[in-house]
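Following: one structure in structure tokens, then a few remarks.
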Amino acid sequence: MTDHVLILDFGSQVTKLIARRVREAGVYCEVFPFNCGEERIRAFDPKGIILSGGPASVTGQDSPRAPQIVFDLNVPIFGICYGMQTICEQLGGKVEGSDHQEFGRAAVDVTSACQLFEGLWSEGDSPQVWMSHGDRVTALPDGFKVVGVSEGAPNAMIANDERKIYAVQFHPEVHHTPDGAKLLRNFLYNVVGCSGDWTMAAYKEQAIRAIREQVGDKRVICGLSGGVDSSVAAVLIHEAIGDQLTCIFVDHGLMRMNEGEEVVNLFREHYNIPLVHRDASELFLGKLDGVDDPERKRKIIGAMFIDVFEEEANKIGGADFLAQGTLYPDVIESVSFTGGPSVTIKSHHNVGGLPERMDMELVEPLRELFKDEVRELGRELGLPDTLIGRHPFPGPGLAIRIPGAVTREQADILRKADAVYLDAIRKEGLYDEIWQAFAVLLPVKTVGVMGDGRTYEYVCALRAVTSVDGMTADSYAFEHDFLSRVATRIINEVRGVNRVVYDYTSKPPGTIEWE
């Protein structure tokens with residue numbers, strides 16, 4: 001039986017990174033909100049529990065607490081930041097506000113050995129970590145000892161080896177704590193005793209069985225976007241139930257160059273999956289006419305997609321199930337107890353369910369996976385690397401890469417510029433080094449001279465970022481000569497652009513989607 005580790009979410013913006021690190025270590029885990037209820041926790045039967053960080057102060061009135069069952073189950077516990085503070089507060093220790101806050105890189109001095117970092121750190125070591133706290137633990141509960149200190153936290157790491165409860169004031173899950181993944185792995189293997197049997201091959205077989213059990217002999221339709229998520233979901237479901245699946249591909253006219261044709265060829269010719277292709281570009285562009293607010297664009301595209309999809313579904317006689325490529329980060333964000341920015345950032349996703357008029361049950365075989373795990377599953381299913389390795393392309397497509405109102409002319413200009421840019425990146429051998437690269441057509445025109453003529457055309461901005469986890473990102477450091485060559489190609493090959501600029505903006509921690 002696969003080991004289960006539970007992560008209780010107290011609202012940290014990086015809780016899902018804890019889950020990623022646990023999954024990367026080969027251990028299955030899920031994230032529940034801290035107030036999910038004791039019955040749900042007991043039913044999950046966790047072998048270990050991790051308490052996340054959070055924005056609240058333990059000293060505040062009505063601040064979140066871990067359910068008592070967390071301590072009654074007698075399983076190993078690991079508290080992170082706020083998770084550490086609520087452990088101490090609930091078990092008889094003390095937490096107070098501090099005049100010495102710590103935010104960013106810091107060092108912790110290891111003062112004593114413990115099972116948590118056995119084989120990783122020794123007394124006298126000073127590993128680098130990432131701190132983010134204003135409060136600090138000032139008194140420990142009975143049975144705990146201090147195993148690490150920092151400049152702003154006299155109890156930066158604490159341990160109770162007998163009860164197997166450990167806690168740290170820093171965030172081991174983020175990339176800025178270099179040994180953080182190893183520390184979490186130590187907890188999972190040295191403390192919890194996990195077997196590490198979470199593999200994608202095993203998940204694939206488990207998912208196929210679950211799809212067959214859920215669907216039986218009924219029909220499923222899948223909204224195919226051409227992206228990684230919906231494509232992997234479609235191929236997985238087809239492997240499970242064959243021609244009981246029909247895919248509907250709604251082309252809204254805002255896709256990348258030749259993407260529509262690639263989707264049709266891959267699924268009709270290569271996989272022989274029943275596919276309905278609807279070119280609805282005129283309809284979508286008509287609805288977007290004059291709309292310049294990006295959130296309104298998202299909502300219009302989302303609503304129109306459902307309408308067109310439903311229309312095509314009715315033409316083929318409908319179905320009992322609707323398949324979606326919902327991922328685990330979407331699920332986590334949709335149940336965030338803080339009601340944070342993800343609620344609106346992901347507004348084009350349909351995580352919360354379907355309109356009442358669509359009387360279908362959802363099939364979401366990727367609901368437990370992160371993006372990198374979806375790519376791994378895609379490889380397990382034999383999908384080509386050209387699709388699996390494709391950069392993220394959010395649902396609204398080119399509409400949100402054209403600030404202001406969208407026209408077909410602008411979409412065509414941007415599509416060509418984006419294709420030239422990506423082609424140059426591929427030819428330079430840089431595509432796989434970059435997490436996401438794309439062009440943006442700015443809503444301004446500039447005067448220029450091309451040959452012997454004066455031009456008045458658009459400015460195109462280029463963006464490329466690197467990222468480990470999709471939570472933070474830095475602009476990619478292209479060589480100047482490369483950017484010069486790309487700019488020359490775009491101006492020469494794309495009529496309608498006479499200026500090209502590069503965006504050096506980085507993505508700060510806490511933002512969820514990069515567009």
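Identifiers in this document derive from the order of the structure tokens: chains are assigned A, B, ..., residues are numbered from 1 separately in each chain, and ligands are numbered from 1 in order of occurrence.
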
At a cut-off of 8 Å, using only C-alpha atoms, what residues contact Phe249 of chain A? Leave out same-chain residues fewer than 5 positions from it and give the result as a PyMOL selection string.
chain A and resi 223-226+275-278

Write out as a PyMOL selection string each polymer residue whose atoms come within 8 Å of Glu123 of chain A, counting only C-alpha atoms; drop sequence neighbours fewer than 5 positions from it.
chain A and resi 109-113

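The protein and nucleic acid residues lying at most 10 Å from Leu322 of chain A are Arg219, Val220, Ile221, Cys222, Gly223, Leu245, Thr246, Cys247, Ala313, Gly318, Ala319, Asp320, Gln324, Leu354, Met358, Asp359, Met360, Glu361, Leu362, Val363 and Glu364 of chain A, with only C-alpha atoms considered and sequence neighbours fewer than 2 positions away removed.
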
Could you pull out the strand (DSSP E or B) residues of segment 183-379 of chain A, going by DSSP on the backbone, and write them as number ranges by chain?
A: 220-224, 245-251, 275-279, 321-323, 361-363

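For Leu377 of chain A, the residues within 9 Å (counting only C-alpha atoms, excluding itself and residues fewer than 2 positions away along the chain) are Met200, Ala201, Tyr203, Lys204, Val232, Leu236, Asp372, Glu373, Val374, Arg375, Arg379, Glu380, Leu381, Gly382 and Leu383 of chain A.
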
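In this model, the gap between atom CA of Ile80 of chain A and atom CA of Gly60 of chain A comes to 18.3 Å.
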
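The interatomic distance for the pair atom CA of Glu118 of chain A and atom CA of Cys29 of chain A works out to 22.9 Å.
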
Using only C-alpha atoms, which protein or nucleic acid residues come within 6 Å of segment 167-175 of chain A? Drop anything in the same chain fewer than 6 positions from it, and give the result as a short mmCIF file (atom, residue, chain, number, x, y, z; two decimals) with C-alpha atoms, in the first residue's frame.
data_model
loop_
_atom_site.label_atom_id
_atom_site.label_comp_id
_atom_site.auth_asym_id
_atom_site.auth_seq_id
_atom_site.Cartn_x
_atom_site.Cartn_y
_atom_site.Cartn_z
CA LEU A 17 5.96 23.65 -3.05
CA ILE A 18 6.01 21.42 0.04
CA PHE A 78 7.02 18.40 10.86
CA GLY A 79 6.11 22.06 11.42
CA ILE A 80 7.28 24.79 9.03
CA CYS A 81 7.29 28.47 10.08
CA MET A 84 6.21 25.41 14.09
CA TRP A 130 15.08 31.21 3.67
CA MET A 131 13.31 32.98 6.54
CA ALA A 156 15.01 28.30 14.94
CA MET A 157 14.93 24.47 14.93
CA ILE A 158 13.39 22.30 17.64
#

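Neighbouring residues of Ala202 of chain A at 12 Å or closer, counting only C-alpha atoms and skipping chain neighbours under 2 positions away, are Met1, Thr2, Gly26, Tyr28, Gly196, Asp197, Trp198, Thr199, Met200, Lys204, Glu205, Gln206, Ala207, Ile208, Arg209, Leu377 and Glu380 of chain A.
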
Report as a PyMOL selection string all protein, DNA and RNA residues lying within 9 Å of segment 152-155 of chain A, evaluated on only C-alpha atoms, omitting residues in the same chain fewer than 2 positions from it.
chain A and resi 98-102+108+135-140+145-150+157-158+168-169

Give me a file of those residues, with N, CA and C atoms, as a CSV table (one decimal), in the first residue's frame.
chain,number,residue,atom,x,y,z
A,98,SER,N,8.3,39.8,17.6
A,98,SER,CA,9.7,40.1,17.8
A,98,SER,C,10.1,41.4,17.1
A,99,ASP,N,11.0,42.2,17.7
A,99,ASP,CA,11.5,43.4,17.0
A,99,ASP,C,12.5,43.0,16.0
A,100,HIS,N,13.0,41.8,16.0
A,100,HIS,CA,14.0,41.3,15.0
A,100,HIS,C,13.3,40.4,14.0
A,101,GLN,N,12.7,40.9,13.0
A,101,GLN,CA,12.1,40.1,12.0
A,101,GLN,C,13.1,39.5,11.1
A,102,GLU,N,12.8,38.4,10.4
A,102,GLU,CA,13.7,37.8,9.4
A,102,GLU,C,13.0,37.5,8.1
A,108,VAL,N,21.3,29.4,9.8
A,108,VAL,CA,21.0,28.8,11.1
A,108,VAL,C,22.2,28.0,11.6
A,135,ASP,N,7.0,36.8,14.1
A,135,ASP,CA,6.9,36.2,15.5
A,135,ASP,C,8.0,35.2,15.7
A,136,ARG,N,8.3,34.8,16.9
A,136,ARG,CA,9.2,33.8,17.2
A,136,ARG,C,8.9,33.0,18.4
A,137,VAL,N,9.3,31.8,18.5
A,137,VAL,CA,9.1,30.9,19.7
A,137,VAL,C,10.0,31.4,20.8
A,138,THR,N,9.5,31.7,22.0
A,138,THR,CA,10.3,32.1,23.1
A,138,THR,C,10.4,31.1,24.2
A,139,ALA,N,9.5,30.1,24.2
A,139,ALA,CA,9.5,29.0,25.2
A,139,ALA,C,9.0,27.7,24.6
A,140,LEU,N,9.7,26.6,24.8
A,140,LEU,CA,9.4,25.4,24.2
A,140,LEU,C,8.5,24.6,25.1
A,145,LYS,N,13.7,20.1,22.5
A,145,LYS,CA,15.0,20.7,22.7
A,145,LYS,C,15.3,21.6,21.5
A,146,VAL,N,16.2,22.6,21.7
A,146,VAL,CA,16.6,23.5,20.7
A,146,VAL,C,17.7,22.8,19.9
A,147,VAL,N,17.6,22.7,18.6
A,147,VAL,CA,18.7,22.1,17.8
A,147,VAL,C,19.3,23.0,16.8
A,148,GLY,N,18.8,24.3,16.8
A,148,GLY,CA,19.3,25.3,15.8
A,148,GLY,C,18.9,26.7,16.2
A,149,VAL,N,19.7,27.7,16.0
A,149,VAL,CA,19.4,29.1,16.3
A,149,VAL,C,19.8,29.9,15.1
A,150,SER,N,19.1,31.1,15.0
A,150,SER,CA,19.5,32.1,14.0
A,150,SER,C,19.6,33.4,14.7
A,157,MET,N,15.2,25.9,15.2
A,157,MET,CA,14.9,24.5,14.9
A,157,MET,C,14.7,23.8,16.3
A,158,ILE,N,13.7,23.0,16.4
A,158,ILE,CA,13.4,22.3,17.6
A,158,ILE,C,13.0,20.9,17.3
A,168,VAL,N,10.8,23.8,12.2
A,168,VAL,CA,11.8,24.8,11.8
A,168,VAL,C,11.1,26.1,11.5
A,169,GLN,N,11.8,27.2,11.8
A,169,GLN,CA,11.3,28.5,11.6
A,169,GLN,C,11.4,29.0,10.1
